[in-house]
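Report on the structure given below.
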Amino acid sequence: MNNKIYTLFVALGLILMTSCEKDTPRYIPYEGYAYSELNVNGGDWVPVLEDSGASIEIPAPESTDSETYQNELEEVKNAMANITSDQKRAIKYWTNNPAVRWNEIALELIAKYNLIPGPNADGTYTLPNPANPEGPPAFPFAHPPYASRALAYMSVAQFDGLISAWHHKYEYNRAAPYTADESIEYAYEANDIPSYPSDGAVVARASKNILTAMFPLEEEYLQQMEEEHLESLILSGGNVMSDIAAGTTIGDAVSETALTRAANDGMKNAQTPKAVSDSIKQAAYDRFGWAWDNLEIPVRPVGLTPLFGQVTMWSIEDVESVRPIAPPELDSQEFLDDVELLKDYARNMTDERRRIANFWQDGLGTYTPPGHWNRIANELIVEYRLNPLQTTRTLAYMNMAIMDSGISCWDAKYYYHYPRPIQLIEGFKTIAGTPNFPSYTSGHSVFSAAASEVLAYIFPEEAPLMREWAEEAAISRVYGGIHWSFDATVGTDQGREIAQYTIDRAKADGADQ
């Protein structure tokens with residue numbers, strides 16, 4: 001399995017050597033599979049936002065021998081008898097673990113909207129506005145903080161929704177259509193998970209609702225994808241219409257809870273006016289005697305999301321409690337040694353270091369570092385044949401840790417406001433652009449360390465490889481000349497520390513018992 005994923009990454013890395021913008025793969029080439037386990041007690045797990053698996057109510061289903069249910073079975077059989085080639089393709093695409101597919105759709109949208117708004121004719125900038133998503137510029141700018149948040153809210157809504165679904169599945173224990181009627185051939189591997197409510201419908205509705213809120217210009221596309229997905233659940237032989245209706249009821253409920261939290265988490269204030277940004281910079285200069293300057297061309301008046309560090313975290317009450325130590329003074333030996341280290345890397349750039357810098361860059365037009373780790377997670381989920389509940393648990397905790405680590409990282413960036421190497425080393429040039437925010441700590445390092453620790457917890461056999469990749473992602477930014485080495489090392493420790501809060505929460509949710 002390790003060789004399989006490494007081969008995939010090497011192939012992607014070769015593409016990146018010729019371009020700093022990689023396209024998001026449309027989907028992982030897998031089909032339905034037999035789940036490694038069913039998690040019969042999954043409805044007893046502790047949700048992230050909902051009170052319990054029982055907190056969302058749905059009506060009791062009709063029994064399988066009722067006339068109403070028998071009529072629903074006939075509707076399924078009639079639909080399957082008239083299936084088209086496009087519908088067969090959709091069944092194959094969505095699989096029996098569609099949370100991976102919705103995650104890929106999110107990555108696709110992140111890459112599409114990960115474009116910096118350009119300057120106006122007079123040199124000023126207009127920020128993307130959710131009240132006017134068509135712009136110009138179009139909303140959103142799906143930068144790494146935005147991507148981490150979108151992925152976290154979608155994954156948490158999916159996870160909470162499937163805990164509720166599992167609770168009701170085993171409360172009512174209604175058999176799937178292909179079990180109730182042997183003439184119905186199921187499109188995927190058969191299992192004993194009850195079909196009411198439809199877990200696929202929960203995922204479809206929750207994902208569509210969250211992504212529509214995050215990417216409002218994609219409403220029509222997301223509606224089409226949801227309709228295709230829901231239809232495939234019927235045509236696969238896995239659900240009747242009442243299963244679907246109950247699942248969408250849960251999906252609406254969990255997405256409403258998630259979006260209510262999102263509306264009040266402080267993200268709307270993260271991108272500040274220039275006066276606020278300038279005051280943050282001045283405070284750092286007064287505190288430390290240094291401040292980061294934006295060296296982009298053209299210069300942008302405000303850095304990226306100066307107040308993302310004040311967004312509400314998932315598993316930590318006070319971001320200052322996990323703020324890392326101060327970076328080195330600019331006249332310290334540690335700093336001077338790092339200057340020489342970066343100069344040496346620049347003078348002696350090897351093909352391997354350049355490959356690493358390019359592979360982990362995840363810049364504009366890509367699914368960002370958080371998306372990169374979601375891609376890794378999806379590969380592992382399929383390889384280990386996780387069921388939908390396990391899948392959403394994995395993605396929820398990983399993306400919660402990624403978002404929390406990003407919040408902590410941005411708190412450090414704008415509190416310390418540390419200059420980047422290109423600002424302090426005369427004549428220095430990077431091989432990977434100039435990010436529009438301060439240097440310390442490294443976002444790539446923090447995101448990657450947090451994600452890798454959660455994946456190491458979920459997939460302990462892969463722990464050494466995950467941590468190795470996180471460290472490679474961290475050093476890639478030093479090779480690229482974007483970060484100091486201490487940005488990367490402290491950032492890696494920071495991400496691991498943040499992830500532990502998430503892992504402690506995961507260990508208490510009942511899934512490991």
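Chain labels A, B, ... are given in the sequence in which chains occur in the structure tokens; within each chain residues are numbered consecutively from 1, and ligands are likewise numbered from 1 in the order shown.
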
- Long-range neighbours of Leu342 (chain A) as a ChimeraX atom specification, 8 Å cut-off, only C-alpha atoms, 3 positions minimum in chain: /A:338-339,345-346,478-479,481,484

Generate a file of the selected residues that holds C-alpha atoms, formatted as a CSV table (one decimal), in the first residue's frame.
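File out15.csv, as written:
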chain,number,residue,atom,x,y,z
A,338,ASP,CA,19.9,30.2,9.6
A,339,VAL,CA,20.8,32.9,7.1
A,345,TYR,CA,20.5,25.7,0.1
A,346,ALA,CA,20.1,28.4,-2.6
A,478,VAL,CA,13.0,25.9,3.6
A,479,TYR,CA,14.3,24.4,0.4
A,481,GLY,CA,13.5,29.8,0.3
A,484,TRP,CA,13.5,29.9,7.9

- Message: Can you pull out the residues contacting region 26-42 of chain A? Cut-off 9 Å, using only C-alpha atoms, and skip same-chain residues under 3 positions away; I want them as a ChimeraX atom specification.
- Response: /A:23,45-46,53,92-97,100-101,104-105,108,162-164,166-167,170,187-193,375,378-379,382,384-390,510-511

Same residues, C-alpha atoms, output as a PDB file, in the first residue's frame:
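To be explicit, this is the file written out as selection-v5.pdb:
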ATOM      1  CA  ASP A  23      -4.871  20.223 -11.319  1.00  0.00           C
ATOM      2  CA  TRP A  45     -20.581   7.551  19.416  1.00  0.00           C
ATOM      3  CA  VAL A  46     -20.318  11.138  20.616  1.00  0.00           C
ATOM      4  CA  GLY A  53     -27.063  10.251  17.810  1.00  0.00           C
ATOM      5  CA  LYS A  92     -20.050   3.257 -10.412  1.00  0.00           C
ATOM      6  CA  TYR A  93     -18.766   6.760  -9.667  1.00  0.00           C
ATOM      7  CA  TRP A  94     -20.524   7.355  -6.348  1.00  0.00           C
ATOM      8  CA  THR A  95     -19.688   3.913  -4.886  1.00  0.00           C
ATOM      9  CA  ASN A  96     -20.868   2.711  -1.486  1.00  0.00           C
ATOM     10  CA  ASN A  97     -18.537   5.184   0.270  1.00  0.00           C
ATOM     11  CA  VAL A 100     -14.804  10.316  -0.441  1.00  0.00           C
ATOM     12  CA  ARG A 101     -16.488  11.570  -3.611  1.00  0.00           C
ATOM     13  CA  GLU A 104     -13.070  15.237  -3.874  1.00  0.00           C
ATOM     14  CA  ILE A 105     -15.760  17.642  -5.081  1.00  0.00           C
ATOM     15  CA  GLU A 108     -12.091  20.458  -6.926  1.00  0.00           C
ATOM     16  CA  LEU A 162     -23.872   9.479  10.116  1.00  0.00           C
ATOM     17  CA  ILE A 163     -23.775   8.979  13.878  1.00  0.00           C
ATOM     18  CA  SER A 164     -27.470   9.923  13.818  1.00  0.00           C
ATOM     19  CA  TRP A 166     -26.358   4.695  12.550  1.00  0.00           C
ATOM     20  CA  HIS A 167     -28.443   5.303  15.675  1.00  0.00           C
ATOM     21  CA  TYR A 170     -30.082  -0.053  14.429  1.00  0.00           C
ATOM     22  CA  ALA A 187     -24.672  -2.802  -7.291  1.00  0.00           C
ATOM     23  CA  TYR A 188     -22.060  -3.031  -4.530  1.00  0.00           C
ATOM     24  CA  GLU A 189     -20.794  -5.519  -1.967  1.00  0.00           C
ATOM     25  CA  ALA A 190     -23.685  -6.726   0.197  1.00  0.00           C
ATOM     26  CA  ASN A 191     -23.603  -5.964   3.931  1.00  0.00           C
ATOM     27  CA  ASP A 192     -25.900  -6.217   6.938  1.00  0.00           C
ATOM     28  CA  ILE A 193     -26.196  -2.485   7.656  1.00  0.00           C
ATOM     29  CA  ARG A 375      -6.151  13.486  -0.816  1.00  0.00           C
ATOM     30  CA  ASN A 378      -8.867   9.470   0.890  1.00  0.00           C
ATOM     31  CA  GLU A 379      -6.246   7.074  -0.458  1.00  0.00           C
ATOM     32  CA  VAL A 382     -10.079   3.335   0.350  1.00  0.00           C
ATOM     33  CA  TYR A 384      -8.204   0.186   4.402  1.00  0.00           C
ATOM     34  CA  ARG A 385     -11.825  -0.218   3.250  1.00  0.00           C
ATOM     35  CA  LEU A 386     -13.378   2.046   5.854  1.00  0.00           C
ATOM     36  CA  ASN A 387     -17.165   2.247   5.969  1.00  0.00           C
ATOM     37  CA  PRO A 388     -18.899   5.633   5.553  1.00  0.00           C
ATOM     38  CA  LEU A 389     -19.102   6.271   9.310  1.00  0.00           C
ATOM     39  CA  GLN A 390     -15.402   5.523   9.807  1.00  0.00           C
ATOM     40  CA  GLY A 510     -16.622   5.852  21.919  1.00  0.00           C
ATOM     41  CA  ALA A 511     -15.297   4.585  18.596  1.00  0.00           C
TER      42      ALA A 511
END

- Message: When DSSP is applied to the backbone of this structure, which of region 209-347 of chain A are assigned alpha helix (DSSP H)? Write them out as number ranges by chain.
- Response: A: 209-214, 219-235, 241-263, 274-288, 333-347

- Query: Closest to Ala138 (chain A) among A:Gly161, A:Phe215, A:Gly427, A:Ala206, using only C-alpha atoms?
  - Reply: A:Phe215

- Query: For Gln158 (chain A), which residue out of A:Tyr414, A:Phe335, A:Phe308, A:Tyr397 is the nearest one, using only C-alpha atoms?
  - Reply: A:Tyr397

- Message: Measuring between only C-alpha atoms, which one of A:Thr179, A:Glu497, A:Ala262, A:Ala90 shows the shortest distance to Glu227 (chain A)?
- Response: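 Looking only at the distances to Glu227 (chain A), the closest residue turns out to be A:Ala90.
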